[in-house]
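Written below as structure tokens is the structure these notes are about.
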Amino acid sequence: MGCTHSMYKKKKSTIHEVVVLTPSIRIPVQSDLQRSLKGLIPKDLADKLSSLRNQIVLVAEDTDGSAIAELRRALNEYLSVLIGLTKKEYGLEGLMEFKWKNFEDGRQQDSSIANVWFEVLSSVHFMAMLTLSEADSLLIPKDHSDSGFRVVSSDSKREAVDLLIKASGYLEFCVRQILPQIPFETRKVLPHDLQEGVLEAIAIQALGQGTEIQLGLAVESQKATLSVKRRLACEQLIYFTQAYHCLSGCDFNQGHGKKHLRFIKWKFLESKAAAYYYHGLILDKGNEPSCHIVAVSCFLAADELLAESKKACLSFCLAAPVTRAPPPWGVMKLLHLKIPEVASKKYQMYGYLLEQEKGLQALPDLPEFQLSLHPDDYELPEIDPAWDTKNWETLGQPLKEHLRDNDENSTD
């Protein structure tokens, strides 16, 4: 892929546009793993591990994280070697420190933890953030239109949905499979971006944004019924409600927690406006006056929620680091026009009934649906064959001789 349009870049002068939120991109800090691993594993294996890690550092820094395909390949290859350090029979889990930093942060490092599973967690998290950035870049066309509206191809939208599901799978794996391997005391000192609630929130919000894109595709399709559109809007609302709940127990004063929370609030309000709009359209098809009254309540609520969402969007954009929101696109391109129009028209038609029937003014409950999108299954790559002790002799010398040579070298 070309240069991504994620939230963070090294150049601070440009205010970047955000469609898919990438709360943080963390990259490894260059370190001398050979020295830490000297005498513990064969030299060739230590060199390979160190070389792959340093390659990730250099590519990430030299390309501002935009060489997504190259970084993904390097991370996968690195993980296949790295997971050998997690094997309990080698006793290497806590013998070396791994240093990482926030990509947009000027500090040399923000975390240094002596735990191999922390390194695995950070690496898989990095792949998830790269995947979110790739989805973001697909939804920001290179040829910006001056019309105030965004045009994104259907193929790009579908590919973005696949990437969002993939990113969610990475993060789900982090929460379910990697975090439990890290001791509780170590988990308490993990950076904000790697906290369980934050990881869960990003995984769920990715599915919410995928559903938002699907709703936009349904709006563009003549075959999609009102029921399908309402279902997708309600599902989107459920995802962002869950994401908000996951973040509620996290420390917002670290990292970009406040901006992340404001993004979810913005998308929550948009999705709730869409859900009530489509629910109102279905209710309005009824023949009884009560159907029209309840439908008008839905349209008025949708109009109010849409206005609140615009304020929430501005609040998100102004939170540090300052970003730009995209022009209306997808389903919101339509709803920014239709919700105020329909709410006004229907109130003029049935507002008198609403005033007469005060008891029917309460908003109806939205229908509940089973969620359609789920995280992709992710598994760590196969362990590098070099970790097979039967093959260690083929690396240059038997392990015992290797260890003895290192001992002799250290006394020279």
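Chain lettering (A, B, ...) mirrors the order of the structure tokens, residue numbering begins at 1 for each chain separately, and ligand numbering begins at 1 in order of display.
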
Shell of 6 Å around Ala114 in chain A, only C-alpha atoms, local chain residues under 4 positions omitted, as a JSON list (two decimals) with all heavy atoms, in the first residue's frame:
```json
[["chain", "number", "residue", "atom", "x", "y", "z"],
["A", 94, "GLY", "N", 11.58, -14.31, 30.90],
["A", 94, "GLY", "CA", 11.78, -13.02, 31.56],
["A", 94, "GLY", "C", 13.23, -12.58, 31.65],
["A", 94, "GLY", "O", 13.57, -11.78, 32.52],
["A", 96, "MET", "N", 15.13, -11.00, 29.26],
["A", 96, "MET", "CA", 15.57, -9.85, 28.46],
["A", 96, "MET", "C", 14.45, -8.81, 28.40],
["A", 96, "MET", "O", 13.27, -9.17, 28.43],
["A", 96, "MET", "CB", 15.98, -10.27, 27.05],
["A", 96, "MET", "CG", 14.87, -10.85, 26.22],
["A", 96, "MET", "SD", 15.42, -12.18, 25.17],
["A", 96, "MET", "CE", 15.67, -13.49, 26.37],
["A", 97, "GLU", "N", 14.84, -7.55, 28.34],
["A", 97, "GLU", "CA", 13.87, -6.47, 28.27],
["A", 97, "GLU", "C", 13.58, -6.11, 26.82],
["A", 97, "GLU", "O", 14.47, -6.09, 25.98],
["A", 97, "GLU", "CB", 14.39, -5.24, 29.02],
["A", 97, "GLU", "CG", 14.37, -5.39, 30.53],
["A", 97, "GLU", "CD", 14.54, -4.06, 31.23],
["A", 97, "GLU", "OE1", 15.05, -3.10, 30.59],
["A", 97, "GLU", "OE2", 14.17, -3.97, 32.42]]
```

Query raised in the report: Could you pull the residues within 6 Å of range 317-326 of chain A, counting only C-alpha atoms, minus those fewer than 3 positions along the same chain, as a ChimeraX atom specification?
Result: /A:15-18,259,314

Polymer residues at most 12 Å from His374 in chain A, only C-alpha atoms, same-chain spacing of 5 or more positions, as a short mmCIF file (atom, residue, chain, number, x, y, z; two decimals) with C-alpha atoms, in the first residue's frame:
```
data_model
loop_
_atom_site.label_atom_id
_atom_site.label_comp_id
_atom_site.auth_asym_id
_atom_site.auth_seq_id
_atom_site.Cartn_x
_atom_site.Cartn_y
_atom_site.Cartn_z
CA VAL A 161 -14.67 -4.30 5.88
CA ASP A 162 -12.43 -7.35 5.47
CA LEU A 164 -11.55 -4.24 9.91
CA ILE A 165 -12.64 -7.80 10.68
CA LYS A 166 -9.02 -8.91 10.39
CA ALA A 167 -7.81 -6.18 12.76
CA SER A 168 -10.53 -7.16 15.21
CA GLY A 169 -9.26 -10.73 15.06
CA TYR A 170 -5.72 -9.66 15.95
CA LEU A 171 -6.99 -7.69 18.95
CA GLU A 172 -9.36 -10.45 20.09
CA ALA A 203 -11.71 -4.76 18.47
CA ILE A 204 -15.43 -4.03 18.87
CA GLN A 205 -15.35 -0.56 17.31
CA ALA A 206 -13.65 -2.08 14.24
CA LEU A 207 -16.69 -4.35 13.84
CA GLY A 208 -18.94 -1.33 14.37
CA GLY A 210 -17.39 -2.50 9.38
CA THR A 211 -21.15 -2.61 9.97
CA GLU A 235 -26.20 -3.73 15.11
CA TYR A 239 -21.13 -2.47 18.74
#
```

Query raised in the report: Ala69 in chain A: which residues within 10 Å, counting only C-alpha atoms, same-chain residues fewer than 3 positions away excluded, as a list of chain:residue names?
Result: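 Near Ala69 in chain A, the qualifying residues are A:Met1, A:Gly2, A:Ser66, A:Arg72, A:Arg73, A:Ala74, A:Leu75, A:Leu130, A:Thr131, A:Glu134.
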
Query raised in the report: Where does DSSP see alpha helix (DSSP H) in range 10-119 of chain A, if you list the residues as JSON, numbers by chain?
Result: {"A": [33, 34, 35, 36, 37, 43, 44, 45, 46, 47, 48, 49, 50, 51, 52, 53, 54, 55, 56, 57, 58, 59, 60, 61, 62, 68, 69, 70, 71, 72, 73, 74, 75, 76, 77, 78, 79, 80, 81, 82, 116, 117, 118, 119]}

Requested in this report: Name the closest residue to Lys285 in chain A among the candidates A:Ile339, A:Leu92, A:Leu366, A:Leu226; distances are taken between atoms, counting only C-alpha atoms.
Outcome: A:Leu226

Query raised in the report: Looking at only C-alpha atoms, which of A:His125, A:Leu82, A:Trp117, A:Pro23 is the one that sits closest to Pro180 in chain A?
Result: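 Looking only at the distances to Pro180 in chain A, the closest residue turns out to be A:Trp117.
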
Query raised in the report: Between A:Ala233, A:Leu354, A:Ala274, A:Ile264, which one has atoms that come closest to Leu371 in chain A, using only C-alpha atoms?
Result: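 Of all the options, A:Ala233 lies closest to Leu371 in chain A.
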
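Between CA of Leu283 in chain A and CA of Val342 in chain A lies a distance of 13.6 Å.
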
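Here the question is which of A:Pro141, A:Gln236, A:Met129, A:Ile113 gets nearest to Pro327 in chain A using only C-alpha atoms, and that residue is A:Pro141.
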
Need to verify the contact set: Lys333 in chain A, 9 Å, only C-alpha atoms, exclusion of same-chain residues closer than 4 positions in sequence. Can you return it as a short mmCIF file (atom, residue, chain, number, x, y, z; two decimals) with all heavy atoms, in the first residue's frame?
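As written to disk, result.cif reads:
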```cif
data_model
loop_
_atom_site.label_atom_id
_atom_site.label_comp_id
_atom_site.auth_asym_id
_atom_site.auth_seq_id
_atom_site.Cartn_x
_atom_site.Cartn_y
_atom_site.Cartn_z
N PHE A 149 -18.64 16.09 -0.68
CA PHE A 149 -19.06 14.73 -0.44
C PHE A 149 -17.95 13.77 -0.83
O PHE A 149 -17.14 14.04 -1.72
CB PHE A 149 -20.34 14.39 -1.24
CG PHE A 149 -21.56 15.11 -0.72
CD1 PHE A 149 -22.06 16.22 -1.37
CD2 PHE A 149 -22.20 14.66 0.42
CE1 PHE A 149 -23.18 16.89 -0.89
CE2 PHE A 149 -23.33 15.30 0.91
CZ PHE A 149 -23.82 16.42 0.26
N ARG A 150 -17.92 12.64 -0.18
CA ARG A 150 -16.88 11.64 -0.39
C ARG A 150 -17.40 10.53 -1.30
O ARG A 150 -18.50 10.02 -1.10
CB ARG A 150 -16.48 11.08 0.98
CG ARG A 150 -15.56 9.87 1.00
CD ARG A 150 -14.18 10.10 0.43
NE ARG A 150 -13.59 11.37 0.76
CZ ARG A 150 -12.90 11.60 1.88
NH1 ARG A 150 -12.77 10.66 2.78
NH2 ARG A 150 -12.34 12.77 2.08
N GLY A 216 -23.89 1.42 4.56
CA GLY A 216 -23.74 2.31 3.41
C GLY A 216 -23.91 1.57 2.09
O GLY A 216 -24.55 2.08 1.15
N PRO A 327 -15.63 14.45 4.92
CA PRO A 327 -16.95 14.95 4.51
C PRO A 327 -17.94 13.79 4.56
O PRO A 327 -17.54 12.62 4.59
CB PRO A 327 -16.72 15.43 3.08
CG PRO A 327 -15.52 14.68 2.60
CD PRO A 327 -14.66 14.47 3.80
N PRO A 328 -19.25 14.08 4.61
CA PRO A 328 -20.24 13.00 4.69
C PRO A 328 -20.03 11.97 3.58
O PRO A 328 -19.83 12.31 2.43
CB PRO A 328 -21.57 13.73 4.53
CG PRO A 328 -21.29 15.11 5.03
CD PRO A 328 -19.89 15.41 4.61
N TRP A 329 -20.07 10.69 3.94
CA TRP A 329 -19.91 9.61 2.97
C TRP A 329 -20.72 8.42 3.49
O TRP A 329 -21.18 8.40 4.62
CB TRP A 329 -18.43 9.23 2.80
CG TRP A 329 -17.85 8.56 4.01
CD1 TRP A 329 -17.49 9.16 5.18
CD2 TRP A 329 -17.63 7.16 4.18
NE1 TRP A 329 -17.03 8.22 6.07
CE2 TRP A 329 -17.11 6.99 5.48
CE3 TRP A 329 -17.81 6.04 3.36
CZ2 TRP A 329 -16.78 5.72 5.99
CZ3 TRP A 329 -17.47 4.80 3.86
CH2 TRP A 329 -16.97 4.64 5.16
N LEU A 337 -28.91 14.46 4.99
CA LEU A 337 -29.94 15.14 4.20
C LEU A 337 -31.34 14.68 4.58
O LEU A 337 -32.26 15.49 4.76
CB LEU A 337 -29.71 14.89 2.71
CG LEU A 337 -28.39 15.38 2.11
CD1 LEU A 337 -28.24 14.90 0.67
CD2 LEU A 337 -28.32 16.91 2.16
#
```

Query raised in the report: Taking only C-alpha atoms into account, which of A:Ser221, A:Ile68, A:Asp284, A:Leu380 comes nearest Met349 in chain A?
Result: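 Of A:Ser221, A:Ile68, A:Asp284, A:Leu380, the one nearest Met349 in chain A, counting only C-alpha atoms, is A:Asp284.
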
**Report entry** Interatomic distance, CA of Trp100 in chain A to CA of Ser80 in chain A (Å, one decimal)
**Finding:** 19.2 Å

**Report entry** Top pick for closest residue to Leu132 in chain A, considering A:Val20, A:Ile238, A:Val59, A:Leu95 and counting only C-alpha atoms
**Finding:** A:Val20

Query raised in the report: Neighbours of range 268-272 of chain A within 8 Å (only C-alpha atoms; same-chain residues fewer than 3 positions away dropped), as a list of chain:residue names?
Result: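 So, after excluding close chain neighbours, the residues are A:Glu212, A:Ala233, A:Cys234, A:Gln236, A:Leu237, A:Phe240, A:Thr241, A:Ile264, A:Lys265, A:Ala275, A:Tyr276, A:Ala302, A:Leu305, A:Leu306, A:Glu308, A:Ser309, A:Met332.
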
Produce a file of the selected residues containing N, CA, C and O atoms, as an mmCIF file, in the first residue's frame.
```
data_model
loop_
_atom_site.group_PDB
_atom_site.id
_atom_site.type_symbol
_atom_site.label_atom_id
_atom_site.label_comp_id
_atom_site.auth_asym_id
_atom_site.auth_seq_id
_atom_site.Cartn_x
_atom_site.Cartn_y
_atom_site.Cartn_z
ATOM 1 N N GLU A 212 -21.044 -0.190 9.769
ATOM 2 C CA GLU A 212 -21.409 1.113 9.195
ATOM 3 C C GLU A 212 -21.172 1.114 7.682
ATOM 4 O O GLU A 212 -21.999 1.607 6.906
ATOM 5 N N ALA A 233 -28.248 -0.840 11.182
ATOM 6 C CA ALA A 233 -28.102 0.350 12.024
ATOM 7 C C ALA A 233 -28.161 -0.022 13.503
ATOM 8 O O ALA A 233 -27.383 0.496 14.319
ATOM 9 N N CYS A 234 -29.056 -0.928 13.852
ATOM 10 C CA CYS A 234 -29.169 -1.363 15.251
ATOM 11 C C CYS A 234 -27.941 -2.158 15.680
ATOM 12 O O CYS A 234 -27.467 -2.018 16.820
ATOM 13 N N GLN A 236 -24.918 -1.784 14.466
ATOM 14 C CA GLN A 236 -23.846 -0.792 14.604
ATOM 15 C C GLN A 236 -23.938 -0.115 15.970
ATOM 16 O O GLN A 236 -22.923 0.095 16.653
ATOM 17 N N LEU A 237 -25.156 0.223 16.378
ATOM 18 C CA LEU A 237 -25.366 0.855 17.681
ATOM 19 C C LEU A 237 -24.907 -0.058 18.815
ATOM 20 O O LEU A 237 -24.276 0.391 19.781
ATOM 21 N N PHE A 240 -21.021 -0.062 19.125
ATOM 22 C CA PHE A 240 -20.428 1.137 19.732
ATOM 23 C C PHE A 240 -20.840 1.297 21.198
ATOM 24 O O PHE A 240 -20.095 1.882 21.986
ATOM 25 N N THR A 241 -21.998 0.773 21.561
ATOM 26 C CA THR A 241 -22.380 0.748 22.984
ATOM 27 C C THR A 241 -21.418 -0.139 23.759
ATOM 28 O O THR A 241 -20.948 0.217 24.854
ATOM 29 N N ILE A 264 -15.668 7.238 19.883
ATOM 30 C CA ILE A 264 -16.720 6.235 20.072
ATOM 31 C C ILE A 264 -18.063 6.911 20.369
ATOM 32 O O ILE A 264 -19.113 6.473 19.882
ATOM 33 N N LYS A 265 -18.033 7.993 21.147
ATOM 34 C CA LYS A 265 -19.278 8.716 21.427
ATOM 35 C C LYS A 265 -19.861 9.283 20.133
ATOM 36 O O LYS A 265 -21.083 9.224 19.903
ATOM 37 N N ALA A 275 -30.415 4.284 13.539
ATOM 38 C CA ALA A 275 -31.315 3.228 14.002
ATOM 39 C C ALA A 275 -32.734 3.770 14.188
ATOM 40 O O ALA A 275 -33.718 3.145 13.757
ATOM 41 N N TYR A 276 -32.861 4.944 14.823
ATOM 42 C CA TYR A 276 -34.200 5.500 15.034
ATOM 43 C C TYR A 276 -34.827 5.979 13.722
ATOM 44 O O TYR A 276 -36.052 5.889 13.534
ATOM 45 N N ALA A 302 -34.110 11.073 16.048
ATOM 46 C CA ALA A 302 -32.997 10.917 15.108
ATOM 47 C C ALA A 302 -32.410 12.274 14.743
ATOM 48 O O ALA A 302 -31.181 12.432 14.648
ATOM 49 N N LEU A 305 -30.401 13.516 17.709
ATOM 50 C CA LEU A 305 -29.168 12.732 17.837
ATOM 51 C C LEU A 305 -28.153 13.115 16.758
ATOM 52 O O LEU A 305 -26.951 13.161 17.009
ATOM 53 N N LEU A 306 -28.660 13.399 15.552
ATOM 54 C CA LEU A 306 -27.769 13.804 14.469
ATOM 55 C C LEU A 306 -27.083 15.125 14.810
ATOM 56 O O LEU A 306 -25.875 15.287 14.576
ATOM 57 N N GLU A 308 -26.502 16.238 17.822
ATOM 58 C CA GLU A 308 -25.538 15.939 18.886
ATOM 59 C C GLU A 308 -24.292 15.283 18.320
ATOM 60 O O GLU A 308 -23.168 15.534 18.777
ATOM 61 N N SER A 309 -24.478 14.429 17.312
ATOM 62 C CA SER A 309 -23.331 13.731 16.729
ATOM 63 C C SER A 309 -22.379 14.701 16.037
ATOM 64 O O SER A 309 -21.165 14.505 16.042
ATOM 65 N N MET A 332 -24.058 8.082 6.136
ATOM 66 C CA MET A 332 -24.242 9.405 6.727
ATOM 67 C C MET A 332 -24.378 10.486 5.658
ATOM 68 O O MET A 332 -24.981 11.538 5.906
#
```

Requested in this report: Using DSSP on the backbone, list every residue of range 78-287 of chain A that comes out as strand (DSSP E or B), and give them as a PyMOL selection string.
Outcome: chain A and resi 98-102+111-113

Resulting file, chosen residues, N, CA, C and O atoms, as a PDB file, in the first residue's frame:
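That gives us result-v5.pdb:
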```pdb
ATOM      1  N   PHE A  98      12.311  -5.819  26.568  1.00  0.00           N
ATOM      2  CA  PHE A  98      11.882  -5.401  25.237  1.00  0.00           C
ATOM      3  C   PHE A  98      11.344  -3.974  25.336  1.00  0.00           C
ATOM      4  O   PHE A  98      10.492  -3.685  26.173  1.00  0.00           O
ATOM      5  N   LYS A  99      11.859  -3.103  24.471  1.00  0.00           N
ATOM      6  CA  LYS A  99      11.528  -1.684  24.535  1.00  0.00           C
ATOM      7  C   LYS A  99      10.666  -1.269  23.341  1.00  0.00           C
ATOM      8  O   LYS A  99      10.971  -1.620  22.204  1.00  0.00           O
ATOM      9  N   TRP A 100       9.603  -0.507  23.642  1.00  0.00           N
ATOM     10  CA  TRP A 100       8.705  -0.003  22.616  1.00  0.00           C
ATOM     11  C   TRP A 100       8.391   1.461  22.893  1.00  0.00           C
ATOM     12  O   TRP A 100       8.579   1.942  24.012  1.00  0.00           O
ATOM     13  N   LYS A 101       7.902   2.140  21.866  1.00  0.00           N
ATOM     14  CA  LYS A 101       7.501   3.539  22.025  1.00  0.00           C
ATOM     15  C   LYS A 101       6.307   3.832  21.141  1.00  0.00           C
ATOM     16  O   LYS A 101       6.048   3.136  20.153  1.00  0.00           O
ATOM     17  N   ASN A 102       5.582   4.896  21.502  1.00  0.00           N
ATOM     18  CA  ASN A 102       4.506   5.379  20.646  1.00  0.00           C
ATOM     19  C   ASN A 102       5.112   6.065  19.432  1.00  0.00           C
ATOM     20  O   ASN A 102       6.018   6.879  19.562  1.00  0.00           O
ATOM     21  N   SER A 111       8.062   2.286  27.209  1.00  0.00           N
ATOM     22  CA  SER A 111       7.896   1.058  27.973  1.00  0.00           C
ATOM     23  C   SER A 111       9.087   0.136  27.745  1.00  0.00           C
ATOM     24  O   SER A 111       9.614   0.041  26.640  1.00  0.00           O
ATOM     25  N   SER A 112       9.498  -0.511  28.817  1.00  0.00           N
ATOM     26  CA  SER A 112      10.578  -1.489  28.754  1.00  0.00           C
ATOM     27  C   SER A 112      10.230  -2.580  29.747  1.00  0.00           C
ATOM     28  O   SER A 112      10.279  -2.368  30.963  1.00  0.00           O
ATOM     29  N   ILE A 113       9.832  -3.737  29.240  1.00  0.00           N
ATOM     30  CA  ILE A 113       9.317  -4.808  30.095  1.00  0.00           C
ATOM     31  C   ILE A 113      10.042  -6.103  29.783  1.00  0.00           C
ATOM     32  O   ILE A 113      10.181  -6.495  28.619  1.00  0.00           O
TER      33      ILE A 113
END
```

Report task. With a distance cut-off of 9 Å and only C-alpha atoms, select the neighbouring residues of range 246-249 of chain A, excluding the residue or stretch itself and same-chain residues fewer than 3 positions from it, and output the selection as a list in words. Result -> Glu196, Gly197, Val198, Leu199, Glu200, Ala201, Thr241, Gln242, Ala243, Phe252, Gly257, His260 and Leu261 of chain A

Query raised in the report: Quick one, how far is CA of Ile140 in chain A from CA of Glu159 in chain A?
Result: 13.0 Å
